[in-house]
$ cat coords_37.json   # JSON, C-alpha atoms
[["chain", "number", "residue", "atom", "x", "y", "z"],
["A", 30, "MET", "CA", -3.89, -25.45, -49.23],
["A", 31, "GLN", "CA", -0.77, -23.45, -48.30],
["A", 32, "LEU", "CA", 2.87, -23.90, -49.34],
["A", 33, "MET", "CA", 5.24, -22.31, -46.79],
["A", 34, "SER", "CA", 8.96, -21.75, -47.40],
["A", 35, "SER", "CA", 11.06, -19.38, -45.28],
["A", 36, "ASN", "CA", 8.99, -16.20, -45.04],
["A", 37, "ARG", "CA", 6.87, -16.92, -48.09],
["A", 38, "CYS", "CA", 3.41, -18.43, -48.09],
["A", 39, "VAL", "CA", 1.72, -19.31, -51.35],
["A", 40, "SER", "CA", -1.95, -20.27, -51.42],
["A", 41, "LEU", "CA", -2.96, -23.08, -53.73],
["A", 42, "PRO", "CA", -6.60, -23.95, -54.45],
["A", 43, "ILE", "CA", -7.84, -27.30, -53.19],
["A", 44, "PRO", "CA", -9.39, -29.19, -56.13],
["A", 45, "TYR", "CA", -13.09, -29.93, -56.31],
["A", 46, "HIS", "CA", -12.75, -33.64, -55.60],
["A", 47, "GLN", "CA", -12.00, -33.48, -51.86],
["A", 48, "ARG", "CA", -11.84, -37.18, -51.14],
["A", 49, "THR", "CA", -9.24, -38.91, -49.03],
["A", 50, "ASN", "CA", -9.24, -42.23, -50.88],
["A", 51, "VAL", "CA", -8.07, -41.04, -54.29],
["A", 52, "LYS", "CA", -4.57, -41.25, -55.73],
["A", 53, "SER", "CA", -1.86, -38.76, -54.85],
["A", 54, "ARG", "CA", -0.93, -35.85, -57.05],
["A", 55, "SER", "CA", 2.52, -34.27, -57.13],
["A", 56, "PHE", "CA", 3.67, -30.72, -57.83],
["A", 57, "SER", "CA", 7.25, -29.71, -58.55],
["A", 58, "VAL", "CA", 8.37, -26.39, -57.01],
["A", 59, "PRO", "CA", 11.82, -25.17, -58.17],
["A", 60, "ARG", "CA", 13.01, -23.73, -54.85],
["A", 61, "GLN", "CA", 15.97, -24.74, -52.72],
["A", 62, "GLY", "CA", 15.47, -25.65, -49.10],
["A", 63, "VAL", "CA", 12.98, -27.45, -46.93],
["A", 64, "VAL", "CA", 9.33, -26.82, -47.57],
["A", 65, "THR", "CA", 6.45, -27.61, -45.26],
["A", 66, "CYS", "CA", 3.23, -28.51, -47.06],
["A", 67, "LYS", "CA", 0.00, -28.28, -45.13],
["A", 68, "VAL", "CA", -3.17, -29.60, -46.73],
["A", 69, "SER", "CA", -6.50, -28.92, -45.08],
["A", 70, "MET", "CA", -9.58, -30.53, -46.62],
["A", 71, "LYS", "CA", -13.01, -30.19, -45.08],
["A", 72, "GLU", "CA", -15.56, -32.84, -45.99],
["A", 73, "LYS", "CA", -18.91, -32.41, -44.27],
["A", 74, "SER", "CA", -18.04, -32.07, -40.57],
["A", 75, "THR", "CA", -14.62, -33.75, -40.73],
["A", 76, "THR", "CA", -11.39, -31.82, -41.28],
["A", 77, "VAL", "CA", -8.39, -33.73, -42.56],
["A", 78, "ILE", "CA", -4.97, -32.15, -42.10],
["A", 79, "LYS", "CA", -1.84, -33.60, -43.61],
["A", 80, "THR", "CA", 1.67, -32.20, -43.27],
["A", 81, "LYS", "CA", 4.60, -33.32, -45.38],
["A", 82, "LYS", "CA", 8.17, -32.02, -45.46],
["A", 83, "VAL", "CA", 10.34, -32.90, -48.43],
["A", 84, "SER", "CA", 13.74, -31.61, -49.50],
["A", 85, "LEU", "CA", 15.31, -32.87, -52.71],
["A", 86, "ASN", "CA", 18.23, -30.63, -53.71],
["A", 87, "ASN", "CA", 16.64, -27.82, -55.72],
["A", 88, "GLU", "CA", 13.33, -29.59, -56.28],
["A", 89, "VAL", "CA", 10.53, -29.87, -53.78],
["A", 90, "ILE", "CA", 7.73, -32.40, -54.28],
["A", 91, "LEU", "CA", 4.34, -31.31, -52.98],
["A", 92, "SER", "CA", 1.90, -34.23, -52.63],
["A", 93, "SER", "CA", -1.84, -33.93, -52.29],
["A", 94, "THR", "CA", -4.46, -36.65, -51.97],
["A", 95, "ALA", "CA", -7.03, -34.59, -53.89],
["A", 96, "ILE", "CA", -7.03, -35.09, -57.67],
["A", 97, "PRO", "CA", -9.30, -33.21, -60.05],
["A", 98, "LEU", "CA", -11.12, -35.15, -62.74],
["A", 99, "LEU", "CA", -9.07, -33.38, -65.40],
["A", 100, "TYR", "CA", -5.81, -34.83, -64.06],
["A", 101, "GLU", "CA", -7.35, -38.29, -63.87],
["A", 102, "LEU", "CA", -8.48, -38.00, -67.48],
["A", 103, "ALA", "CA", -5.03, -36.92, -68.59],
["A", 104, "ALA", "CA", -3.39, -39.78, -66.72],
["A", 105, "ARG", "CA", -5.68, -42.62, -67.79],
["A", 106, "GLY", "CA", -7.19, -41.40, -71.04],
["A", 107, "PRO", "CA", -10.87, -41.66, -72.05],
["A", 108, "LYS", "CA", -10.68, -45.43, -72.42],
["A", 109, "GLY", "CA", -9.58, -45.71, -68.79],
["A", 110, "PHE", "CA", -12.98, -44.41, -67.70],
["A", 111, "LEU", "CA", -14.79, -46.92, -69.90],
["A", 112, "ASN", "CA", -12.92, -49.95, -68.55],
["A", 113, "PRO", "CA", -14.73, -50.15, -65.16],
["A", 114, "ALA", "CA", -18.12, -49.98, -66.88],
["A", 115, "ALA", "CA", -17.01, -52.53, -69.47],
["A", 116, "ASP", "CA", -15.85, -54.88, -66.71],
["A", 117, "PHE", "CA", -19.20, -54.49, -64.95],
["A", 118, "PHE", "CA", -21.23, -55.41, -68.04],
["A", 119, "LEU", "CA", -18.89, -58.27, -68.89],
["A", 120, "GLY", "CA", -19.52, -59.61, -65.40],
["A", 121, "LEU", "CA", -23.25, -59.80, -66.17],
["A", 122, "GLY", "CA", -22.59, -62.54, -68.70],
["A", 123, "LEU", "CA", -24.43, -60.82, -71.55],
["A", 124, "PRO", "CA", -24.79, -62.88, -74.74],
["A", 125, "GLU", "CA", -22.02, -62.23, -77.26],
["A", 126, "PRO", "CA", -24.44, -61.33, -80.10],
["A", 127, "LEU", "CA", -26.02, -58.68, -77.87],
["A", 128, "VAL", "CA", -22.64, -57.16, -77.04],
["A", 129, "HIS", "CA", -21.55, -57.32, -80.67],
["A", 130, "TRP", "CA", -24.69, -56.21, -82.51],
["A", 131, "GLY", "CA", -26.86, -54.56, -79.85],
["A", 132, "HIS", "CA", -25.57, -51.06, -80.50],
["A", 133, "PRO", "CA", -25.72, -51.26, -84.32],
["A", 134, "ALA", "CA", -29.26, -52.66, -84.28],
["A", 135, "ALA", "CA", -30.60, -50.05, -81.85],
["A", 136, "MET", "CA", -28.97, -47.12, -83.60],
["A", 137, "ALA", "CA", -30.08, -48.33, -87.05],
["A", 138, "VAL", "CA", -33.70, -48.35, -85.85],
["A", 139, "VAL", "CA", -33.36, -44.83, -84.43],
["A", 140, "LEU", "CA", -31.67, -43.53, -87.58],
["A", 141, "LEU", "CA", -33.99, -45.09, -90.15],
["A", 142, "ALA", "CA", -37.30, -44.93, -88.29],
["A", 143, "VAL", "CA", -37.08, -41.84, -86.10],
["A", 144, "GLY", "CA", -34.54, -39.88, -88.15],
["A", 145, "GLY", "CA", -36.01, -40.88, -91.49],
["A", 146, "TYR", "CA", -39.58, -39.97, -90.57],
["A", 147, "GLY", "CA", -38.43, -36.82, -88.79],
["A", 148, "SER", "CA", -36.55, -35.70, -91.89],
["A", 149, "TYR", "CA", -39.61, -36.36, -94.04],
["A", 150, "LEU", "CA", -41.74, -34.22, -91.74],
["A", 151, "GLY", "CA", -39.12, -31.49, -91.84],
["A", 152, "TRP", "CA", -39.38, -31.27, -95.61],
["A", 153, "GLN", "CA", -43.18, -31.34, -95.41],
["A", 154, "ILE", "CA", -43.00, -28.17, -93.32],
["A", 155, "ARG", "CA", -41.05, -26.57, -96.14],
["A", 156, "VAL", "CA", -42.76, -27.85, -99.30],
["A", 157, "GLY", "CA", -45.95, -29.60, -98.13],
["A", 158, "GLU", "CA", -49.34, -28.48, -99.46],
["A", 159, "ASP", "CA", -51.57, -30.41, -97.05],
["A", 160, "GLY", "CA", -52.28, -27.96, -94.25],
["A", 161, "GLU", "CA", -53.16, -30.68, -91.76],
["A", 162, "LEU", "CA", -49.94, -32.59, -92.47],
["A", 163, "VAL", "CA", -47.87, -29.41, -92.26],
["A", 164, "ALA", "CA", -49.39, -28.58, -88.88],
["A", 165, "LYS", "CA", -48.68, -32.10, -87.64],
["A", 166, "ALA", "CA", -45.13, -31.94, -88.98],
["A", 167, "THR", "CA", -44.51, -28.57, -87.33],
["A", 168, "ASP", "CA", -45.31, -30.09, -83.93],
["A", 169, "LEU", "CA", -43.74, -33.52, -84.38],
["A", 170, "HIS", "CA", -40.56, -32.81, -86.36],
["A", 171, "PRO", "CA", -38.60, -31.03, -83.57],
["A", 172, "LEU", "CA", -39.64, -33.65, -81.01],
["A", 173, "LEU", "CA", -38.48, -36.55, -83.19],
["A", 174, "MET", "CA", -35.15, -34.93, -84.03],
["A", 175, "VAL", "CA", -34.42, -34.05, -80.40],
["A", 176, "PHE", "CA", -35.27, -37.64, -79.47],
["A", 177, "MET", "CA", -32.93, -38.92, -82.20],
["A", 178, "THR", "CA", -30.10, -36.64, -81.09],
["A", 179, "ALA", "CA", -30.47, -37.71, -77.45],
["A", 180, "ASN", "CA", -30.49, -41.38, -78.44],
["A", 181, "PHE", "CA", -27.41, -40.93, -80.62],
["A", 182, "THR", "CA", -25.59, -39.19, -77.78],
["A", 183, "ILE", "CA", -26.41, -41.95, -75.29],
["A", 184, "GLY", "CA", -25.93, -44.67, -77.90],
["A", 185, "ALA", "CA", -22.45, -43.42, -78.69],
["A", 186, "THR", "CA", -21.40, -44.36, -75.16],
["A", 187, "GLY", "CA", -22.92, -47.80, -75.65],
["A", 188, "GLY", "CA", -21.01, -48.25, -78.88],
["A", 189, "LEU", "CA", -17.72, -47.31, -77.24],
["A", 190, "LEU", "CA", -18.43, -49.69, -74.36],
["A", 191, "SER", "CA", -19.20, -52.47, -76.82],
["A", 192, "LEU", "CA", -15.81, -52.03, -78.49],
["A", 193, "VAL", "CA", -13.96, -51.93, -75.17],
["A", 194, "MET", "CA", -15.79, -55.06, -74.01],
["A", 195, "GLN", "CA", -14.63, -56.83, -77.17],
["A", 196, "GLY", "CA", -11.04, -55.66, -76.72],
["A", 197, "GLN", "CA", -11.16, -53.37, -79.76],
["A", 198, "PRO", "CA", -9.82, -49.81, -80.14],
["A", 199, "ALA", "CA", -12.63, -47.37, -79.38],
["A", 200, "PHE", "CA", -11.34, -44.00, -80.58],
["A", 201, "SER", "CA", -9.22, -44.71, -83.66],
["A", 202, "THR", "CA", -11.80, -45.98, -86.15],
["A", 203, "SER", "CA", -13.53, -44.21, -89.02],
["A", 204, "HIS", "CA", -16.82, -45.18, -87.37],
["A", 205, "PHE", "CA", -15.90, -43.11, -84.32],
["A", 206, "ALA", "CA", -14.74, -40.20, -86.51],
["A", 207, "THR", "CA", -17.97, -40.06, -88.52],
["A", 208, "GLY", "CA", -20.07, -40.50, -85.38],
["A", 209, "ILE", "CA", -18.49, -37.69, -83.36],
["A", 210, "THR", "CA", -18.56, -35.41, -86.40],
["A", 211, "GLY", "CA", -22.24, -36.16, -86.93],
["A", 212, "LEU", "CA", -23.09, -35.46, -83.29],
["A", 213, "ILE", "CA", -21.33, -32.09, -83.33],
["A", 214, "LEU", "CA", -23.12, -31.14, -86.55],
["A", 215, "LEU", "CA", -26.46, -32.20, -85.03],
["A", 216, "TYR", "CA", -25.91, -29.88, -82.07],
["A", 217, "LEU", "CA", -25.09, -27.00, -84.43],
["A", 218, "GLN", "CA", -28.12, -27.88, -86.55],
["A", 219, "GLY", "CA", -30.37, -27.57, -83.54],
["A", 220, "MET", "CA", -28.95, -24.13, -82.79],
["A", 221, "LEU", "CA", -30.00, -22.90, -86.24],
["A", 222, "SER", "CA", -33.64, -23.03, -85.14],
["A", 223, "LEU", "CA", -32.90, -20.18, -82.73],
["A", 224, "PHE", "CA", -32.51, -17.84, -85.72],
["A", 225, "PHE", "CA", -35.67, -18.77, -87.64],
["A", 226, "GLU", "CA", -37.57, -15.66, -86.58],
["A", 227, "ASP", "CA", -34.74, -13.23, -87.31],
["A", 228, "ASP", "CA", -33.37, -14.69, -90.53],
["A", 229, "PRO", "CA", -35.57, -16.51, -93.06],
["A", 230, "ASN", "CA", -32.45, -17.97, -94.67],
["A", 231, "ALA", "CA", -31.83, -19.92, -91.48],
["A", 232, "ARG", "CA", -34.76, -22.22, -92.36],
["A", 233, "THR", "CA", -33.28, -22.96, -95.77],
["A", 234, "ALA", "CA", -29.87, -23.66, -94.25],
["A", 235, "HIS", "CA", -31.51, -25.87, -91.61],
["A", 236, "ALA", "CA", -33.28, -27.98, -94.24],
["A", 237, "TYR", "CA", -30.26, -28.66, -96.46],
["A", 238, "PHE", "CA", -27.78, -28.90, -93.61],
["A", 239, "GLY", "CA", -30.03, -31.41, -91.87],
["A", 240, "SER", "CA", -30.28, -33.56, -95.00],
["A", 241, "ALA", "CA", -26.48, -33.56, -95.31],
["A", 242, "ILE", "CA", -26.15, -34.65, -91.68],
["A", 243, "MET", "CA", -28.59, -37.50, -92.23],
["A", 244, "ALA", "CA", -26.53, -38.61, -95.24],
["A", 245, "LEU", "CA", -23.42, -38.57, -93.04],
["A", 246, "PHE", "CA", -25.15, -40.80, -90.49],
["A", 247, "VAL", "CA", -26.16, -43.24, -93.23],
["A", 248, "ILE", "CA", -22.46, -43.46, -94.14],
["A", 249, "HIS", "CA", -21.70, -43.83, -90.44],
["A", 250, "MET", "CA", -24.13, -46.76, -90.27],
["A", 251, "PHE", "CA", -22.51, -48.61, -93.17],
["A", 252, "VAL", "CA", -19.03, -47.97, -91.77],
["A", 253, "GLY", "CA", -20.27, -49.41, -88.47],
["A", 254, "ILE", "CA", -21.68, -52.52, -90.17],
["A", 255, "LYS", "CA", -18.33, -53.01, -91.90],
["A", 256, "LEU", "CA", -16.57, -52.64, -88.55],
["A", 257, "GLY", "CA", -18.93, -55.13, -86.91],
["A", 258, "LEU", "CA", -18.29, -57.71, -89.61],
["A", 259, "SER", "CA", -14.52, -57.30, -89.28],
["A", 260, "ILE", "CA", -14.28, -58.11, -85.56]]
$ encode --input "coords_37.json" --output "structure tokens"
Amino acid sequence: MQLMSSNRCVSLPIPYHQRTNVKSRSFSVPRQGVVTCKVSMKEKSTTVIKTKKVSLNNEVILSSTAIPLLYELAARGPKGFLNPAADFFLGLGLPEPLVHWGHPAAMAVVLLAVGGYGSYLGWQIRVGEDGELVAKATDLHPLLMVFMTANFTIGATGGLLSLVMQGQPAFSTSHFATGITGLILLYLQGMLSLFFEDDPNARTAHAYFGSAIMALFVIHMFVGIKLGLSI
């Protein structure tokens, strides 16, 4: 994209989303006079060229039909991206109990069954005396905890959609705060395993830090049940 005024020509990058059916974006350029804006966007074998000339006292408005995702996020907010998905699932006519309690039930099973057993195996690796059980735990513990983390990450989206579908605030609850905090800590917890070979203390930190994270998710679960009963 080029902005031409008098003898000056300033090159502006064309955003990644080069689609012609998205909303317009405006730039303000503090320069007096008439400016010719030429936008050239190439999509596959088609080249789209748009020229616009605007003069508004000392302010020139440069309009482009290409909007990056970042600008869309800033304009609509995170909830704006959830609304289309929420409308789609509402259109399926899902039973109200499923929308209301589906996320809590699924995540409770993952937390208590997968996370609980995975935590038990993790401690068996550290303090267990049964060699066969320790060997089993060494293989199974990381798989279960990665599975739990992936399910929590995906399930978080489902929980947010559930709140939006019920017309509730999605990002201003203590349930959201404890959930996002727990997810971030889980990612950091997984990174500790990268230092096991170099630092023996990393295993100790991993064990106690992991137990603290599991306790946080138990609190998160009860906060979520309280939220579910209140709406």
$ atom_distance --input "coords_37.json" --atom1 "atom CA of A:His132" --atom2 "atom CA of A:Val193"
12.8 Å
$ closest_residue --input "coords_37.json" --among "A:Val156, A:Leu245, A:Ala166, A:Ile260" --to "A:Ala206" --atoms "all atoms listed in the file"
A:Leu245
$ residues_around --input "coords_37.json" --residues "A:Ile242" --least-positions-apart "6" --cutoff "10 Å" --atoms "only C-alpha atoms" --output "list in words"
Thr210, Gly211, Leu212, Ile213, Leu214, Leu215, Gln218 and Ile248 of chain A
$ closest_residue --input "coords_37.json" --among "A:Leu173, A:Ala164, A:Leu111, A:Met194" --to "A:Leu123" --atoms "only C-alpha atoms"
A:Met194
$ residues_around --input "coords_37.json" --residues "A:Phe205" --least-positions-apart "5" --cutoff "10 Å" --atoms "only C-alpha atoms" --output "VMD selection string"
chain A and resid 185 188 to 189 198 to 200 210 to 211 249 252 to 253
$ closest_residue --input "coords_37.json" --among "A:Leu190, A:Ala231, A:Val143, A:Ile209" --to "A:Phe118" --atoms "only C-alpha atoms"
A:Leu190
$ residues_near_point --input "coords_37.json" --point "(-33.6, -42.6, -84.3)" --cutoff "10 Å" --atoms "only C-alpha atoms" --output "ChimeraX atom specification"
/A:135-147,173-181
$ write_last_selection --input "coords_37.json" --atoms "C-alpha atoms" --output "short mmCIF file (atom, residue, chain, number, x, y, z; two decimals), in the coordinates of the input"
data_model
loop_
_atom_site.label_atom_id
_atom_site.label_comp_id
_atom_site.auth_asym_id
_atom_site.auth_seq_id
_atom_site.Cartn_x
_atom_site.Cartn_y
_atom_site.Cartn_z
CA ALA A 135 -30.60 -50.05 -81.85
CA MET A 136 -28.97 -47.12 -83.60
CA ALA A 137 -30.08 -48.33 -87.05
CA VAL A 138 -33.70 -48.35 -85.85
CA VAL A 139 -33.36 -44.83 -84.43
CA LEU A 140 -31.67 -43.53 -87.58
CA LEU A 141 -33.99 -45.09 -90.15
CA ALA A 142 -37.30 -44.93 -88.29
CA VAL A 143 -37.08 -41.84 -86.10
CA GLY A 144 -34.54 -39.88 -88.15
CA GLY A 145 -36.01 -40.88 -91.49
CA TYR A 146 -39.58 -39.97 -90.57
CA GLY A 147 -38.43 -36.82 -88.79
CA LEU A 173 -38.48 -36.55 -83.19
CA MET A 174 -35.15 -34.93 -84.03
CA VAL A 175 -34.42 -34.05 -80.40
CA PHE A 176 -35.27 -37.64 -79.47
CA MET A 177 -32.93 -38.92 -82.20
CA THR A 178 -30.10 -36.64 -81.09
CA ALA A 179 -30.47 -37.71 -77.45
CA ASN A 180 -30.49 -41.38 -78.44
CA PHE A 181 -27.41 -40.93 -80.62
#
$ atom_distance --input "coords_37.json" --atom1 "atom CA of A:Lys255" --atom2 "atom CA of A:Ser240"
23.0 Å
$ atom_distance --input "coords_37.json" --atom1 "atom CA of A:Phe246" --atom2 "atom CA of A:Pro229"
26.6 Å
$ residues_around --input "coords_37.json" --residues "A:Ile254" --least-positions-apart "3" --cutoff "10 Å" --atoms "only C-alpha atoms" --output "MDAnalysis selection string"
chainID A and resid 130 133:134 137 204 248:251 257:259
$ residues_around --input "coords_37.json" --residues "A:Leu150" --least-positions-apart "3" --cutoff "9 Å" --atoms "only C-alpha atoms" --output "PyMOL selection string"
chain A and resi 145-147+153-155+157+162-163+165-167+169-170
$ write_last_selection --input "coords_37.json" --atoms "C-alpha atoms" --output "PDB file, in the coordinates of the input"
ATOM      1  CA  GLY A 145     -36.010 -40.880 -91.490  1.00  0.00           C
ATOM      2  CA  TYR A 146     -39.580 -39.970 -90.570  1.00  0.00           C
ATOM      3  CA  GLY A 147     -38.430 -36.820 -88.790  1.00  0.00           C
ATOM      4  CA  GLN A 153     -43.180 -31.340 -95.410  1.00  0.00           C
ATOM      5  CA  ILE A 154     -43.000 -28.170 -93.320  1.00  0.00           C
ATOM      6  CA  ARG A 155     -41.050 -26.570 -96.140  1.00  0.00           C
ATOM      7  CA  GLY A 157     -45.950 -29.600 -98.130  1.00  0.00           C
ATOM      8  CA  LEU A 162     -49.940 -32.590 -92.470  1.00  0.00           C
ATOM      9  CA  VAL A 163     -47.870 -29.410 -92.260  1.00  0.00           C
ATOM     10  CA  LYS A 165     -48.680 -32.100 -87.640  1.00  0.00           C
ATOM     11  CA  ALA A 166     -45.130 -31.940 -88.980  1.00  0.00           C
ATOM     12  CA  THR A 167     -44.510 -28.570 -87.330  1.00  0.00           C
ATOM     13  CA  LEU A 169     -43.740 -33.520 -84.380  1.00  0.00           C
ATOM     14  CA  HIS A 170     -40.560 -32.810 -86.360  1.00  0.00           C
TER      15      HIS A 170
END
$ residues_around --input "coords_37.json" --residues "A:Tyr237" --least-positions-apart "6" --cutoff "12 Å" --atoms "all atoms listed in the file" --output "PyMOL selection string"
chain A and resi 148+151-152+155+218+221+230-231+243-244
$ decode --input "coords_37.json" --residues "stretch 222-244 of chain A" --atoms "N, CA and C atoms" --output "compact mmCIF listing (two decimals), in the first residue's frame"
# COMPACT_ATOMS: atom_id res chain seq x y z
N SER A 222 9.54 -29.75 33.70
CA SER A 222 10.08 -31.07 33.36
C SER A 222 11.28 -30.98 32.43
N LEU A 223 11.45 -29.86 31.75
CA LEU A 223 12.59 -29.69 30.86
C LEU A 223 13.90 -29.58 31.62
N PHE A 224 13.82 -29.30 32.93
CA PHE A 224 15.02 -29.07 33.73
C PHE A 224 15.32 -30.23 34.68
N PHE A 225 14.60 -31.34 34.54
CA PHE A 225 14.80 -32.46 35.46
C PHE A 225 16.22 -33.00 35.42
N GLU A 226 16.77 -33.12 34.22
CA GLU A 226 18.10 -33.71 34.08
C GLU A 226 19.19 -32.79 34.61
N ASP A 227 19.01 -31.48 34.48
CA ASP A 227 20.06 -30.54 34.87
C ASP A 227 19.98 -30.14 36.34
N ASP A 228 18.78 -30.13 36.89
CA ASP A 228 18.61 -29.66 38.27
C ASP A 228 17.69 -30.61 39.02
N PRO A 229 18.23 -31.38 39.96
CA PRO A 229 17.39 -32.31 40.73
C PRO A 229 16.29 -31.59 41.53
N ASN A 230 16.53 -30.35 41.90
CA ASN A 230 15.52 -29.61 42.65
C ASN A 230 14.27 -29.32 41.82
N ALA A 231 14.41 -29.39 40.50
CA ALA A 231 13.27 -29.14 39.63
C ALA A 231 12.18 -30.19 39.84
N ARG A 232 12.58 -31.44 40.15
CA ARG A 232 11.58 -32.48 40.42
C ARG A 232 10.80 -32.19 41.69
N THR A 233 11.51 -31.73 42.72
CA THR A 233 10.84 -31.38 43.97
C THR A 233 9.87 -30.23 43.76
N ALA A 234 10.32 -29.21 43.04
CA ALA A 234 9.45 -28.06 42.75
C ALA A 234 8.24 -28.50 41.94
N HIS A 235 8.46 -29.40 40.98
CA HIS A 235 7.38 -29.90 40.13
C HIS A 235 6.31 -30.61 40.96
N ALA A 236 6.74 -31.41 41.92
CA ALA A 236 5.80 -32.18 42.74
C ALA A 236 4.92 -31.26 43.59
N TYR A 237 5.53 -30.34 44.31
CA TYR A 237 4.76 -29.48 45.21
C TYR A 237 3.98 -28.41 44.46
N PHE A 238 4.58 -27.90 43.40
CA PHE A 238 3.90 -26.90 42.58
C PHE A 238 2.68 -27.52 41.92
N GLY A 239 2.82 -28.76 41.44
CA GLY A 239 1.70 -29.45 40.82
C GLY A 239 0.56 -29.69 41.80
N SER A 240 0.89 -30.06 43.03
CA SER A 240 -0.15 -30.28 44.05
C SER A 240 -0.89 -28.97 44.35
N ALA A 241 -0.15 -27.86 44.40
CA ALA A 241 -0.78 -26.57 44.64
C ALA A 241 -1.72 -26.19 43.49
N ILE A 242 -1.32 -26.50 42.27
CA ILE A 242 -2.17 -26.20 41.11
C ILE A 242 -3.45 -27.03 41.16
N MET A 243 -3.32 -28.29 41.54
CA MET A 243 -4.51 -29.14 41.65
C MET A 243 -5.46 -28.60 42.72
N ALA A 244 -4.91 -28.11 43.83
CA ALA A 244 -5.74 -27.51 44.86
C ALA A 244 -6.46 -26.28 44.33
